[in-house]
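Single-structure report; data block below.
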Amino acid sequence: MATRADSGHPVQTPALDAHALRRDFPALQQEVHGHPLVYLDNAATTQKPVAVLDAVQRYYREDNANVHRGIHELSRRATEAYEGARAKVARWIGAADPSEVVWTRGTTDGINLLAAAWGLDHVKEGDEILLSVLEHHSNLVPWHLLARRTGARIRYIEIDDQGEWILDDLPELLNERTRIVSLSHVSNSLGSINPVEQVVPEIRARTDALIVLDGAQGAPLLPVDVHGLGVDFYAFSGHKMCGPTGIGALWGRRDRLEAMEPYQGGGEMISLVERDASTWAEVPHKFEAGTPNMAGAVGMGAAVDYLESVGRDAILAWEQALVRYALDRLSDLPGITIYGPRAVERRSGVVSFTLEAAHPHDISTIVDMHGVAIRAGHHCAQLVMQRYGTAATARASFYIYNTREDVDRLVSSLHEVLKIFG
Amino acid sequence: MQEPQLNSLYQQLILEHYRNPRNKGEMDDSQVEVHMRNPSCGDEIKLQLRVEHGRIADVRFTGQGCSISQAAVSMMTQLLKGKPVDDVGSMADRFTEMMHGDEEAAKDRRMGDLRALAGVSRFPVRVKCALLGFDALQEALRKLGDSSTEN
């Protein structure tokens with residue numbers, strides 16, 4: 001377990017002005033329980049900048065019409081905005097071809113799509129699905145459902161005391177029965193940045209399994225290059241990267257997408273419908289049945305524009321600078337245990353911790369009364385909690401608009417916890 | 001600086017029960033045992049009961065969770081010993097009323113140390129923590145009722 005950040009690296013001042021950025025976020029300009037809000041629950045969802053709120057409202061006020069259906073002007077504009085947003089989102093993860101990006105409701109929806117549309121056709125009894133203990137429930141339960149229906153077996157990459165994958169076992173975990181490997185790019189509960197660049201080629205070399213990355217926590221902060229990663233699918237959400245809720249994307253390799261049956265049937269996804277059968281539209285539309293979340297897509301596109309203006313390389317550097325500062329300050333608190341990798345370089349902006357004196361829920365209630373929003377609980381990662389023999393942790397997670405002062409407010413409110421429970 | 005609402009939530013009596021829970025442990029001769037978990041947060045308790053002549057002869061619990069959930073169970077068990085089983089329903093109702101902000105219920109002397117939990121009603125997301133013990137208790141009595149009808 002990490003107790004103090006590794007030092008020895010000169011701390012560069014990242015090219016990101018968090019104080020200026022936070023003025024772009026209306027929700028951050030408020031008091032909570034009589035204190036200015038310090039929002040540290042960004043791994044759950046981020047706040048939205050004016051640029052995103054405006055884009056969504058402008059879409060509804062000016063362009064709203066159903067996409068890919070009408071001949072009229074508004075439908076043309078709506079389609080242009082919707083497809084334009086797809087191109088932006090593709091660009092954000094380094095995808096060369098926007099038509100390889102399928103709109104979803106979010107990461108959970110994307111993984112469920114794969115489990116249903118690919119899994120049910122390709123996974124049989126005795127086949128294996130490889131996951132890791134670090135996974136969020138959204139990258140566990142869809143595969144549990146698939147395994148229950150097909151008789152497949154689920155296997156796990158274990159984690160060490162620092163929340164990093166134990167890769168010595170990887171050769172034994174992969175074999176000719178491995179049909180799917182689905183792993184998180186970044187852990188939501190511990191903040192580990194997983195060594196996917198190292199692991200994916202190894203999986204490729206040993207199996208022809210479908211390789212899926214859960215990018216819910218990776219896409220908001222890492223410079224992602226889906227082609228370079230060599231994966232088949234990359235799923236992520238808009239709302240964790242300044243976009244609206246209810247919108248996300250699933251990138252997939254074209255040949256994989258084309259070989260897959262549709263997920264849901266309905267309007268928009270067909271080519272020709274006859275009495276007994278129908279044929280499908282081209283990728284990606286064959287996976288987008290029904291009127292899509294057009295305003296959400298436009299909002300997610302605006303979020304990409306916004307984050308690009310912030311500078312994507314600056315995001316990770318800033319989060320790690322805050323984590324380095326937070327680990328340093330938090331480690332002085334009596335009875336604290338901090339989870340996750342010791343090396344800040346292998347961490348996202350997540351700091352998960354427990355205090356000996358107080359339970360995470362009590363911590364969260366008390367700091368909330370001081371205006372500090374953190375998460376307490378199992379973080380939809382019960383396998384991680386079980387690994388460390390705890391039912392819950394407190395979790396502070398940073399994003400581009402958080403500052404060192406926010407960390408100071410967290411620390412001072414934790415001292416209030418210790419005053420009550422100490 | 002100390003927040004007044006926090007003072008009303010984290011009363012000394014609550015912290016005292018949290019640190020020194022009453023009736024914590026296991027009993028060998030329980031008639032019914034219920035394991036209850038709060039899936040959203042992971043708080044959990046195991047409650048064991050023994051009933052003799054229509055009264056609660058003994059009650060024990062084990063568990064883990066936040067101060068509110070664990071103190072509430074401890075206070076509840078303290079109150080239960082020797083109580084007629086038939087009174088438990090009205091106690092649970094009274095406590096639920098207290099959790100929904102009923103000030104009369106919060107003054108009801110029959111509720112013993114549980115009255116210290118009245119402040120929880122101002123923290124709606126924590127009410128479920130306080131109710132975990134009574135949820136388990138009611139489930140235990142249901143099970144007990146079922147097994148006695150079967151016999």
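Here's how to read the names in the structure tokens: chain A, B, ... by the order shown, residue numbers from 1 in each chain, ligand numbers from 1 in the order shown.
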>> Need to verify the contact set: range 31-33 of chain A, 12 Å, only C-alpha atoms, exclusion of same-chain residues closer than 6 positions in sequence. Can you return it as a list in words?
In response: Tyr39, Thr365, Ile366, Val367, Asp368, Met369, His370, Gly371, Val372 and Ala373 of chain A; Glu3, Pro4, Gln5 and Leu6 of chain B
File dump, residues just selected, N, CA and C atoms, as a PDB file, in the first residue's frame:
ATOM      1  N   TYR A  39     -15.520  19.943  -5.296  1.00  0.00           N
ATOM      2  CA  TYR A  39     -16.078  18.749  -5.911  1.00  0.00           C
ATOM      3  C   TYR A  39     -14.968  17.749  -6.226  1.00  0.00           C
ATOM      4  N   THR A 365     -19.982  11.936   5.109  1.00  0.00           N
ATOM      5  CA  THR A 365     -20.995  12.835   5.674  1.00  0.00           C
ATOM      6  C   THR A 365     -20.342  14.059   6.304  1.00  0.00           C
ATOM      7  N   ILE A 366     -19.272  13.839   7.048  1.00  0.00           N
ATOM      8  CA  ILE A 366     -18.648  14.964   7.765  1.00  0.00           C
ATOM      9  C   ILE A 366     -17.966  15.925   6.792  1.00  0.00           C
ATOM     10  N   VAL A 367     -17.232  15.400   5.814  1.00  0.00           N
ATOM     11  CA  VAL A 367     -16.579  16.329   4.878  1.00  0.00           C
ATOM     12  C   VAL A 367     -17.619  17.028   4.003  1.00  0.00           C
ATOM     13  N   ASP A 368     -18.717  16.353   3.709  1.00  0.00           N
ATOM     14  CA  ASP A 368     -19.797  16.986   2.946  1.00  0.00           C
ATOM     15  C   ASP A 368     -20.353  18.195   3.689  1.00  0.00           C
ATOM     16  N   MET A 369     -20.477  18.075   5.006  1.00  0.00           N
ATOM     17  CA  MET A 369     -20.966  19.207   5.798  1.00  0.00           C
ATOM     18  C   MET A 369     -19.973  20.367   5.780  1.00  0.00           C
ATOM     19  N   HIS A 370     -18.750  20.104   5.328  1.00  0.00           N
ATOM     20  CA  HIS A 370     -17.769  21.178   5.138  1.00  0.00           C
ATOM     21  C   HIS A 370     -17.611  21.525   3.655  1.00  0.00           C
ATOM     22  N   GLY A 371     -18.582  21.102   2.849  1.00  0.00           N
ATOM     23  CA  GLY A 371     -18.611  21.498   1.448  1.00  0.00           C
ATOM     24  C   GLY A 371     -17.743  20.661   0.527  1.00  0.00           C
ATOM     25  N   VAL A 372     -17.221  19.537   1.024  1.00  0.00           N
ATOM     26  CA  VAL A 372     -16.304  18.718   0.221  1.00  0.00           C
ATOM     27  C   VAL A 372     -17.024  17.440  -0.218  1.00  0.00           C
ATOM     28  N   ALA A 373     -17.169  17.257  -1.525  1.00  0.00           N
ATOM     29  CA  ALA A 373     -17.893  16.102  -2.059  1.00  0.00           C
ATOM     30  C   ALA A 373     -16.908  15.009  -2.426  1.00  0.00           C
TER      31      ALA A 373
ATOM     32  N   GLU B   3     -19.620  21.957  12.850  1.00  0.00           N
ATOM     33  CA  GLU B   3     -20.929  22.181  12.259  1.00  0.00           C
ATOM     34  C   GLU B   3     -22.002  21.717  13.238  1.00  0.00           C
ATOM     35  N   PRO B   4     -22.980  22.598  13.569  1.00  0.00           N
ATOM     36  CA  PRO B   4     -23.997  22.214  14.561  1.00  0.00           C
ATOM     37  C   PRO B   4     -24.787  20.971  14.147  1.00  0.00           C
ATOM     38  N   GLN B   5     -25.071  20.835  12.850  1.00  0.00           N
ATOM     39  CA  GLN B   5     -25.819  19.651  12.414  1.00  0.00           C
ATOM     40  C   GLN B   5     -25.035  18.370  12.641  1.00  0.00           C
ATOM     41  N   LEU B   6     -23.703  18.494  12.506  1.00  0.00           N
ATOM     42  CA  LEU B   6     -22.873  17.311  12.744  1.00  0.00           C
ATOM     43  C   LEU B   6     -22.902  16.920  14.208  1.00  0.00           C
TER      44      LEU B   6
END
Each residue of chain B lying at most 8 Å from chain A should get a row with its shortest atom-to-atom pair and the distance in Å to one decimal, counting only C-alpha atoms; could you produce that, ordered by chain and increasing number, as JSON lines?
{"residue": "B:Met1", "atom": "CA", "partner": "A:Glu416", "partner_atom": "CA", "distance": 7.7}
{"residue": "B:Gln2", "atom": "CA", "partner": "A:Glu416", "partner_atom": "CA", "distance": 7.5}
{"residue": "B:Glu3", "atom": "CA", "partner": "A:Met369", "partner_atom": "CA", "distance": 7.1}
{"residue": "B:Leu6", "atom": "CA", "partner": "A:Ile366", "partner_atom": "CA", "distance": 6.9}
{"residue": "B:Tyr10", "atom": "CA", "partner": "A:Ile420", "partner_atom": "CA", "distance": 7.6}
{"residue": "B:Leu15", "atom": "CA", "partner": "A:Phe421", "partner_atom": "CA", "distance": 7.4}
{"residue": "B:Ser40", "atom": "CA", "partner": "A:Gly377", "partner_atom": "CA", "distance": 7.6}
{"residue": "B:Cys41", "atom": "CA", "partner": "A:Gly377", "partner_atom": "CA", "distance": 5.1}
{"residue": "B:Gly42", "atom": "CA", "partner": "A:Ala391", "partner_atom": "CA", "distance": 5.7}
{"residue": "B:Asp43", "atom": "CA", "partner": "A:Ala391", "partner_atom": "CA", "distance": 7.5}
{"residue": "B:Gly65", "atom": "CA", "partner": "A:His359", "partner_atom": "CA", "distance": 6.8}
{"residue": "B:Cys66", "atom": "CA", "partner": "A:His359", "partner_atom": "CA", "distance": 5.0}
{"residue": "B:Ser67", "atom": "CA", "partner": "A:Asp362", "partner_atom": "CA", "distance": 6.9}
>> When DSSP is applied to the backbone of this structure, which of range 48-134 of chain B are assigned strand (DSSP E or B)? Write them out as a ChimeraX atom specification.
In response: /B:48-52,55-64,84
Using C-alpha atoms, can you export the residues from the last selection as a PDB file, in the first residue's frame?
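Okay, selection30.pdb is ready:
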ATOM      1  CA  GLN B  48     -29.440 -13.781  16.255  1.00  0.00           C
ATOM      2  CA  LEU B  49     -32.509 -14.153  18.478  1.00  0.00           C
ATOM      3  CA  ARG B  50     -33.800 -16.506  21.115  1.00  0.00           C
ATOM      4  CA  VAL B  51     -37.415 -16.213  22.171  1.00  0.00           C
ATOM      5  CA  GLU B  52     -38.865 -17.770  25.319  1.00  0.00           C
ATOM      6  CA  ARG B  55     -40.412 -12.647  25.049  1.00  0.00           C
ATOM      7  CA  ILE B  56     -36.991 -11.957  23.560  1.00  0.00           C
ATOM      8  CA  ALA B  57     -34.704 -13.890  25.876  1.00  0.00           C
ATOM      9  CA  ASP B  58     -31.458 -13.043  24.136  1.00  0.00           C
ATOM     10  CA  VAL B  59     -30.199 -11.169  21.119  1.00  0.00           C
ATOM     11  CA  ARG B  60     -26.715 -10.862  19.609  1.00  0.00           C
ATOM     12  CA  PHE B  61     -25.240  -9.268  16.536  1.00  0.00           C
ATOM     13  CA  THR B  62     -22.061  -9.149  14.528  1.00  0.00           C
ATOM     14  CA  GLY B  63     -21.370  -6.859  11.634  1.00  0.00           C
ATOM     15  CA  GLN B  64     -19.434  -4.042  10.106  1.00  0.00           C
ATOM     16  CA  PRO B  84     -42.610  -9.195  24.384  1.00  0.00           C
TER      17      PRO B  84
END
>> Would you pick out the contacts of Gly89 in chain B at 12 Å or less, using only C-alpha atoms, so that residues sharing its chain but fewer than 4 positions from it are not included, and give the list as a list in words?
In response: Leu80, Lys83, Pro84, Val85, Asp93, Arg94, Phe95, Thr96, Phe134, Asp135, Leu137, Gln138, Glu139, Ala140, Leu141 and Arg142 of chain B
Taking the DSSP assignment computed from this structure's backbone, write out as a PDB file with N, CA and C atoms, in the first residue's frame all residues of range 16-151 of chain B that belong to alpha helix (DSSP H).
ATOM      1  N   GLU B  16     -20.235   6.329  21.482  1.00  0.00           N
ATOM      2  CA  GLU B  16     -19.948   5.392  22.573  1.00  0.00           C
ATOM      3  C   GLU B  16     -20.426   3.975  22.209  1.00  0.00           C
ATOM      4  N   HIS B  17     -21.623   3.883  21.644  1.00  0.00           N
ATOM      5  CA  HIS B  17     -22.121   2.567  21.215  1.00  0.00           C
ATOM      6  C   HIS B  17     -21.289   2.001  20.068  1.00  0.00           C
ATOM      7  N   TYR B  18     -20.819   2.904  19.181  1.00  0.00           N
ATOM      8  CA  TYR B  18     -19.998   2.482  18.040  1.00  0.00           C
ATOM      9  C   TYR B  18     -18.693   1.857  18.538  1.00  0.00           C
ATOM     10  N   ARG B  19     -18.108   2.516  19.554  1.00  0.00           N
ATOM     11  CA  ARG B  19     -16.826   2.016  20.065  1.00  0.00           C
ATOM     12  C   ARG B  19     -17.001   0.809  20.976  1.00  0.00           C
ATOM     13  N   SER B  67     -20.762   4.185  11.673  1.00  0.00           N
ATOM     14  CA  SER B  67     -21.107   4.380  13.081  1.00  0.00           C
ATOM     15  C   SER B  67     -22.618   4.356  13.281  1.00  0.00           C
ATOM     16  N   ILE B  68     -23.366   4.917  12.346  1.00  0.00           N
ATOM     17  CA  ILE B  68     -24.817   5.000  12.504  1.00  0.00           C
ATOM     18  C   ILE B  68     -25.432   3.601  12.470  1.00  0.00           C
ATOM     19  N   SER B  69     -25.028   2.788  11.497  1.00  0.00           N
ATOM     20  CA  SER B  69     -25.628   1.451  11.391  1.00  0.00           C
ATOM     21  C   SER B  69     -25.264   0.593  12.602  1.00  0.00           C
ATOM     22  N   GLN B  70     -24.014   0.643  13.010  1.00  0.00           N
ATOM     23  CA  GLN B  70     -23.573  -0.238  14.093  1.00  0.00           C
ATOM     24  C   GLN B  70     -24.070   0.240  15.454  1.00  0.00           C
ATOM     25  N   ALA B  71     -24.095   1.551  15.676  1.00  0.00           N
ATOM     26  CA  ALA B  71     -24.614   2.068  16.950  1.00  0.00           C
ATOM     27  C   ALA B  71     -26.109   1.797  17.053  1.00  0.00           C
ATOM     28  N   ALA B  72     -26.820   1.935  15.930  1.00  0.00           N
ATOM     29  CA  ALA B  72     -28.269   1.717  15.960  1.00  0.00           C
ATOM     30  C   ALA B  72     -28.591   0.269  16.321  1.00  0.00           C
ATOM     31  N   VAL B  73     -27.826  -0.681  15.786  1.00  0.00           N
ATOM     32  CA  VAL B  73     -28.077  -2.086  16.115  1.00  0.00           C
ATOM     33  C   VAL B  73     -27.779  -2.327  17.595  1.00  0.00           C
ATOM     34  N   SER B  74     -26.673  -1.776  18.039  1.00  0.00           N
ATOM     35  CA  SER B  74     -26.298  -1.954  19.439  1.00  0.00           C
ATOM     36  C   SER B  74     -27.404  -1.424  20.358  1.00  0.00           C
ATOM     37  N   MET B  75     -27.885  -0.217  20.076  1.00  0.00           N
ATOM     38  CA  MET B  75     -28.951   0.385  20.893  1.00  0.00           C
ATOM     39  C   MET B  75     -30.230  -0.444  20.836  1.00  0.00           C
ATOM     40  N   MET B  76     -30.517  -0.960  19.657  1.00  0.00           N
ATOM     41  CA  MET B  76     -31.724  -1.759  19.478  1.00  0.00           C
ATOM     42  C   MET B  76     -31.658  -3.025  20.332  1.00  0.00           C
ATOM     43  N   THR B  77     -30.509  -3.699  20.287  1.00  0.00           N
ATOM     44  CA  THR B  77     -30.405  -4.968  21.033  1.00  0.00           C
ATOM     45  C   THR B  77     -30.542  -4.715  22.532  1.00  0.00           C
ATOM     46  N   GLN B  78     -29.998  -3.582  22.970  1.00  0.00           N
ATOM     47  CA  GLN B  78     -30.058  -3.221  24.380  1.00  0.00           C
ATOM     48  C   GLN B  78     -31.510  -3.126  24.854  1.00  0.00           C
ATOM     49  N   LEU B  79     -32.336  -2.618  23.937  1.00  0.00           N
ATOM     50  CA  LEU B  79     -33.725  -2.354  24.269  1.00  0.00           C
ATOM     51  C   LEU B  79     -34.588  -3.626  24.197  1.00  0.00           C
ATOM     52  N   LEU B  80     -34.096  -4.606  23.447  1.00  0.00           N
ATOM     53  CA  LEU B  80     -34.959  -5.750  23.119  1.00  0.00           C
ATOM     54  C   LEU B  80     -35.075  -6.784  24.237  1.00  0.00           C
ATOM     55  N   VAL B  88     -42.540  -5.637  19.301  1.00  0.00           N
ATOM     56  CA  VAL B  88     -41.445  -5.258  18.408  1.00  0.00           C
ATOM     57  C   VAL B  88     -41.939  -4.459  17.201  1.00  0.00           C
ATOM     58  N   GLY B  89     -43.091  -4.860  16.658  1.00  0.00           N
ATOM     59  CA  GLY B  89     -43.632  -4.166  15.490  1.00  0.00           C
ATOM     60  C   GLY B  89     -43.842  -2.688  15.764  1.00  0.00           C
ATOM     61  N   SER B  90     -44.412  -2.376  16.914  1.00  0.00           N
ATOM     62  CA  SER B  90     -44.688  -0.961  17.207  1.00  0.00           C
ATOM     63  C   SER B  90     -43.405  -0.198  17.496  1.00  0.00           C
ATOM     64  N   MET B  91     -42.402  -0.897  18.065  1.00  0.00           N
ATOM     65  CA  MET B  91     -41.091  -0.250  18.283  1.00  0.00           C
ATOM     66  C   MET B  91     -40.453   0.117  16.946  1.00  0.00           C
ATOM     67  N   ALA B  92     -40.524  -0.831  16.029  1.00  0.00           N
ATOM     68  CA  ALA B  92     -39.929  -0.591  14.710  1.00  0.00           C
ATOM     69  C   ALA B  92     -40.640   0.566  14.011  1.00  0.00           C
ATOM     70  N   ASP B  93     -41.974   0.596  14.138  1.00  0.00           N
ATOM     71  CA  ASP B  93     -42.734   1.694  13.528  1.00  0.00           C
ATOM     72  C   ASP B  93     -42.341   3.031  14.144  1.00  0.00           C
ATOM     73  N   ARG B  94     -42.213   3.016  15.481  1.00  0.00           N
ATOM     74  CA  ARG B  94     -41.865   4.248  16.197  1.00  0.00           C
ATOM     75  C   ARG B  94     -40.500   4.752  15.737  1.00  0.00           C
ATOM     76  N   PHE B  95     -39.555   3.821  15.584  1.00  0.00           N
ATOM     77  CA  PHE B  95     -38.208   4.208  15.166  1.00  0.00           C
ATOM     78  C   PHE B  95     -38.229   4.756  13.734  1.00  0.00           C
ATOM     79  N   THR B  96     -39.017   4.111  12.886  1.00  0.00           N
ATOM     80  CA  THR B  96     -39.127   4.600  11.505  1.00  0.00           C
ATOM     81  C   THR B  96     -39.706   6.010  11.488  1.00  0.00           C
ATOM     82  N   GLU B  97     -40.709   6.247  12.348  1.00  0.00           N
ATOM     83  CA  GLU B  97     -41.278   7.604  12.455  1.00  0.00           C
ATOM     84  C   GLU B  97     -40.199   8.605  12.866  1.00  0.00           C
ATOM     85  N   MET B  98     -39.386   8.183  13.820  1.00  0.00           N
ATOM     86  CA  MET B  98     -38.308   9.067  14.281  1.00  0.00           C
ATOM     87  C   MET B  98     -37.351   9.389  13.132  1.00  0.00           C
ATOM     88  N   MET B  99     -37.061   8.382  12.323  1.00  0.00           N
ATOM     89  CA  MET B  99     -36.139   8.584  11.200  1.00  0.00           C
ATOM     90  C   MET B  99     -36.753   9.491  10.127  1.00  0.00           C
ATOM     91  N   GLU B 103     -40.997  14.382  15.795  1.00  0.00           N
ATOM     92  CA  GLU B 103     -40.352  14.843  17.028  1.00  0.00           C
ATOM     93  C   GLU B 103     -40.930  14.170  18.267  1.00  0.00           C
ATOM     94  N   GLU B 104     -42.213  13.796  18.195  1.00  0.00           N
ATOM     95  CA  GLU B 104     -42.823  13.098  19.332  1.00  0.00           C
ATOM     96  C   GLU B 104     -42.145  11.735  19.532  1.00  0.00           C
ATOM     97  N   ALA B 105     -41.926  11.047  18.404  1.00  0.00           N
ATOM     98  CA  ALA B 105     -41.265   9.740  18.473  1.00  0.00           C
ATOM     99  C   ALA B 105     -39.868   9.884  19.066  1.00  0.00           C
ATOM    100  N   ALA B 106     -39.211  10.996  18.723  1.00  0.00           N
ATOM    101  CA  ALA B 106     -37.844  11.219  19.189  1.00  0.00           C
ATOM    102  C   ALA B 106     -37.802  11.441  20.701  1.00  0.00           C
ATOM    103  N   LYS B 107     -38.973  11.765  21.303  1.00  0.00           N
ATOM    104  CA  LYS B 107     -38.998  11.992  22.756  1.00  0.00           C
ATOM    105  C   LYS B 107     -39.550  10.787  23.515  1.00  0.00           C
ATOM    106  N   VAL B 127     -30.424   7.559   6.565  1.00  0.00           N
ATOM    107  CA  VAL B 127     -31.536   6.911   7.268  1.00  0.00           C
ATOM    108  C   VAL B 127     -31.499   5.398   7.087  1.00  0.00           C
ATOM    109  N   LYS B 128     -31.145   4.966   5.889  1.00  0.00           N
ATOM    110  CA  LYS B 128     -31.109   3.519   5.644  1.00  0.00           C
ATOM    111  C   LYS B 128     -30.064   2.822   6.516  1.00  0.00           C
ATOM    112  N   CYS B 129     -29.004   3.546   6.889  1.00  0.00           N
ATOM    113  CA  CYS B 129     -27.998   2.968   7.784  1.00  0.00           C
ATOM    114  C   CYS B 129     -28.644   2.666   9.133  1.00  0.00           C
ATOM    115  N   ALA B 130     -29.407   3.651   9.631  1.00  0.00           N
ATOM    116  CA  ALA B 130     -30.003   3.508  10.958  1.00  0.00           C
ATOM    117  C   ALA B 130     -31.063   2.410  10.986  1.00  0.00           C
ATOM    118  N   LEU B 131     -31.713   2.177   9.854  1.00  0.00           N
ATOM    119  CA  LEU B 131     -32.826   1.219   9.819  1.00  0.00           C
ATOM    120  C   LEU B 131     -32.380  -0.238   9.620  1.00  0.00           C
ATOM    121  N   LEU B 132     -31.105  -0.434   9.343  1.00  0.00           N
ATOM    122  CA  LEU B 132     -30.619  -1.780   9.017  1.00  0.00           C
ATOM    123  C   LEU B 132     -30.954  -2.788  10.116  1.00  0.00           C
ATOM    124  N   GLY B 133     -30.757  -2.407  11.369  1.00  0.00           N
ATOM    125  CA  GLY B 133     -30.994  -3.313  12.490  1.00  0.00           C
ATOM    126  C   GLY B 133     -32.452  -3.725  12.595  1.00  0.00           C
ATOM    127  N   PHE B 134     -33.352  -2.753  12.505  1.00  0.00           N
ATOM    128  CA  PHE B 134     -34.775  -3.078  12.599  1.00  0.00           C
ATOM    129  C   PHE B 134     -35.254  -3.895  11.394  1.00  0.00           C
ATOM    130  N   ASP B 135     -34.661  -3.613  10.227  1.00  0.00           N
ATOM    131  CA  ASP B 135     -34.993  -4.436   9.053  1.00  0.00           C
ATOM    132  C   ASP B 135     -34.642  -5.895   9.328  1.00  0.00           C
ATOM    133  N   ALA B 136     -33.467  -6.097   9.907  1.00  0.00           N
ATOM    134  CA  ALA B 136     -33.025  -7.457  10.216  1.00  0.00           C
ATOM    135  C   ALA B 136     -33.927  -8.077  11.280  1.00  0.00           C
ATOM    136  N   LEU B 137     -34.296  -7.283  12.265  1.00  0.00           N
ATOM    137  CA  LEU B 137     -35.135  -7.776  13.358  1.00  0.00           C
ATOM    138  C   LEU B 137     -36.494  -8.238  12.833  1.00  0.00           C
ATOM    139  N   GLN B 138     -37.084  -7.435  11.985  1.00  0.00           N
ATOM    140  CA  GLN B 138     -38.403  -7.792  11.464  1.00  0.00           C
ATOM    141  C   GLN B 138     -38.340  -9.046  10.595  1.00  0.00           C
ATOM    142  N   GLU B 139     -37.230  -9.146   9.831  1.00  0.00           N
ATOM    143  CA  GLU B 139     -37.030 -10.348   9.028  1.00  0.00           C
ATOM    144  C   GLU B 139     -36.874 -11.576   9.940  1.00  0.00           C
ATOM    145  N   ALA B 140     -36.161 -11.409  11.032  1.00  0.00           N
ATOM    146  CA  ALA B 140     -35.948 -12.513  11.977  1.00  0.00           C
ATOM    147  C   ALA B 140     -37.291 -12.971  12.557  1.00  0.00           C
ATOM    148  N   LEU B 141     -38.145 -12.021  12.916  1.00  0.00           N
ATOM    149  CA  LEU B 141     -39.429 -12.394  13.509  1.00  0.00           C
ATOM    150  C   LEU B 141     -40.347 -13.045  12.479  1.00  0.00           C
ATOM    151  N   ARG B 142     -40.232 -12.595  11.233  1.00  0.00           N
ATOM    152  CA  ARG B 142     -40.996 -13.248  10.158  1.00  0.00           C
ATOM    153  C   ARG B 142     -40.591 -14.716  10.029  1.00  0.00           C
ATOM    154  N   LYS B 143     -39.265 -14.928  10.033  1.00  0.00           N
ATOM    155  CA  LYS B 143     -38.753 -16.300   9.921  1.00  0.00           C
ATOM    156  C   LYS B 143     -39.225 -17.150  11.093  1.00  0.00           C
ATOM    157  N   LEU B 144     -39.173 -16.552  12.272  1.00  0.00           N
ATOM    158  CA  LEU B 144     -39.585 -17.256  13.481  1.00  0.00           C
ATOM    159  C   LEU B 144     -41.070 -17.630  13.392  1.00  0.00           C
ATOM    160  N   GLY B 145     -41.877 -16.678  12.912  1.00  0.00           N
ATOM    161  CA  GLY B 145     -43.313 -16.919  12.746  1.00  0.00           C
ATOM    162  C   GLY B 145     -43.571 -18.047  11.761  1.00  0.00           C
ATOM    163  N   ASP B 146     -42.817 -18.016  10.642  1.00  0.00           N
ATOM    164  CA  ASP B 146     -42.975 -19.061   9.624  1.00  0.00           C
ATOM    165  C   ASP B 146     -42.664 -20.436  10.196  1.00  0.00           C
ATOM    166  N   SER B 147     -41.559 -20.526  10.962  1.00  0.00           N
ATOM    167  CA  SER B 147     -41.150 -21.838  11.450  1.00  0.00           C
ATOM    168  C   SER B 147     -42.127 -22.331  12.515  1.00  0.00           C
ATOM    169  N   SER B 148     -42.737 -21.416  13.281  1.00  0.00           N
ATOM    170  CA  SER B 148     -43.680 -21.888  14.304  1.00  0.00           C
ATOM    171  C   SER B 148     -44.994 -22.343  13.666  1.00  0.00           C
ATOM    172  N   THR B 149     -45.373 -21.732  12.529  1.00  0.00           N
ATOM    173  CA  THR B 149     -46.583 -22.212  11.843  1.00  0.00           C
ATOM    174  C   THR B 149     -46.335 -23.582  11.221  1.00  0.00           C
ATOM    175  N   GLU B 150     -45.095 -23.756  10.722  1.00  0.00           N
ATOM    176  CA  GLU B 150     -44.773 -25.063  10.137  1.00  0.00           C
ATOM    177  C   GLU B 150     -44.840 -26.162  11.186  1.00  0.00           C
TER     178      GLU B 150
END
>> Report, in Å with one decimal, the straight-line distance from CA of Phe287 in chain A to CA of Asp214 in chain A.
In response: 18.4 Å
Near Thr79 in chain A, within 10 Å and counting only C-alpha atoms, which residues show up once chain neighbours fewer than 5 positions away are dropped, as a PDB file with C-alpha atoms, in the first residue's frame?
ATOM      1  CA  ASP A  63     -31.417  22.429 -34.898  1.00  0.00           C
ATOM      2  CA  ASN A  64     -33.620  19.800 -33.292  1.00  0.00           C
ATOM      3  CA  ALA A  65     -34.958  17.241 -35.775  1.00  0.00           C
ATOM      4  CA  ASN A  66     -34.620  13.525 -36.278  1.00  0.00           C
ATOM      5  CA  VAL A  67     -31.310  12.534 -37.842  1.00  0.00           C
ATOM      6  CA  HIS A  68     -30.804  10.580 -41.071  1.00  0.00           C
ATOM      7  CA  ARG A  69     -34.504  10.731 -41.887  1.00  0.00           C
ATOM      8  CA  GLY A  70     -35.734  14.054 -43.111  1.00  0.00           C
ATOM      9  CA  GLU A  73     -33.277  21.850 -43.365  1.00  0.00           C
ATOM     10  CA  LEU A  74     -33.463  21.114 -39.638  1.00  0.00           C
ATOM     11  CA  GLY A  84     -19.800  16.028 -36.699  1.00  0.00           C
ATOM     12  CA  ALA A  85     -19.801  15.066 -33.026  1.00  0.00           C
ATOM     13  CA  MET A 294     -28.687  13.500 -30.544  1.00  0.00           C
TER      14      MET A 294
END
> range 113-124 of chain A: which residues within 6 Å, counting only C-alpha atoms, same-chain residues fewer than 3 positions away excluded, as number ranges by chain?
Replying inline: A: 110, 127, 150, 260-261, 263
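When CA of Pro39 in chain B is paired with CA of Leu140 in chain A, their separation reads 16.5 Å.
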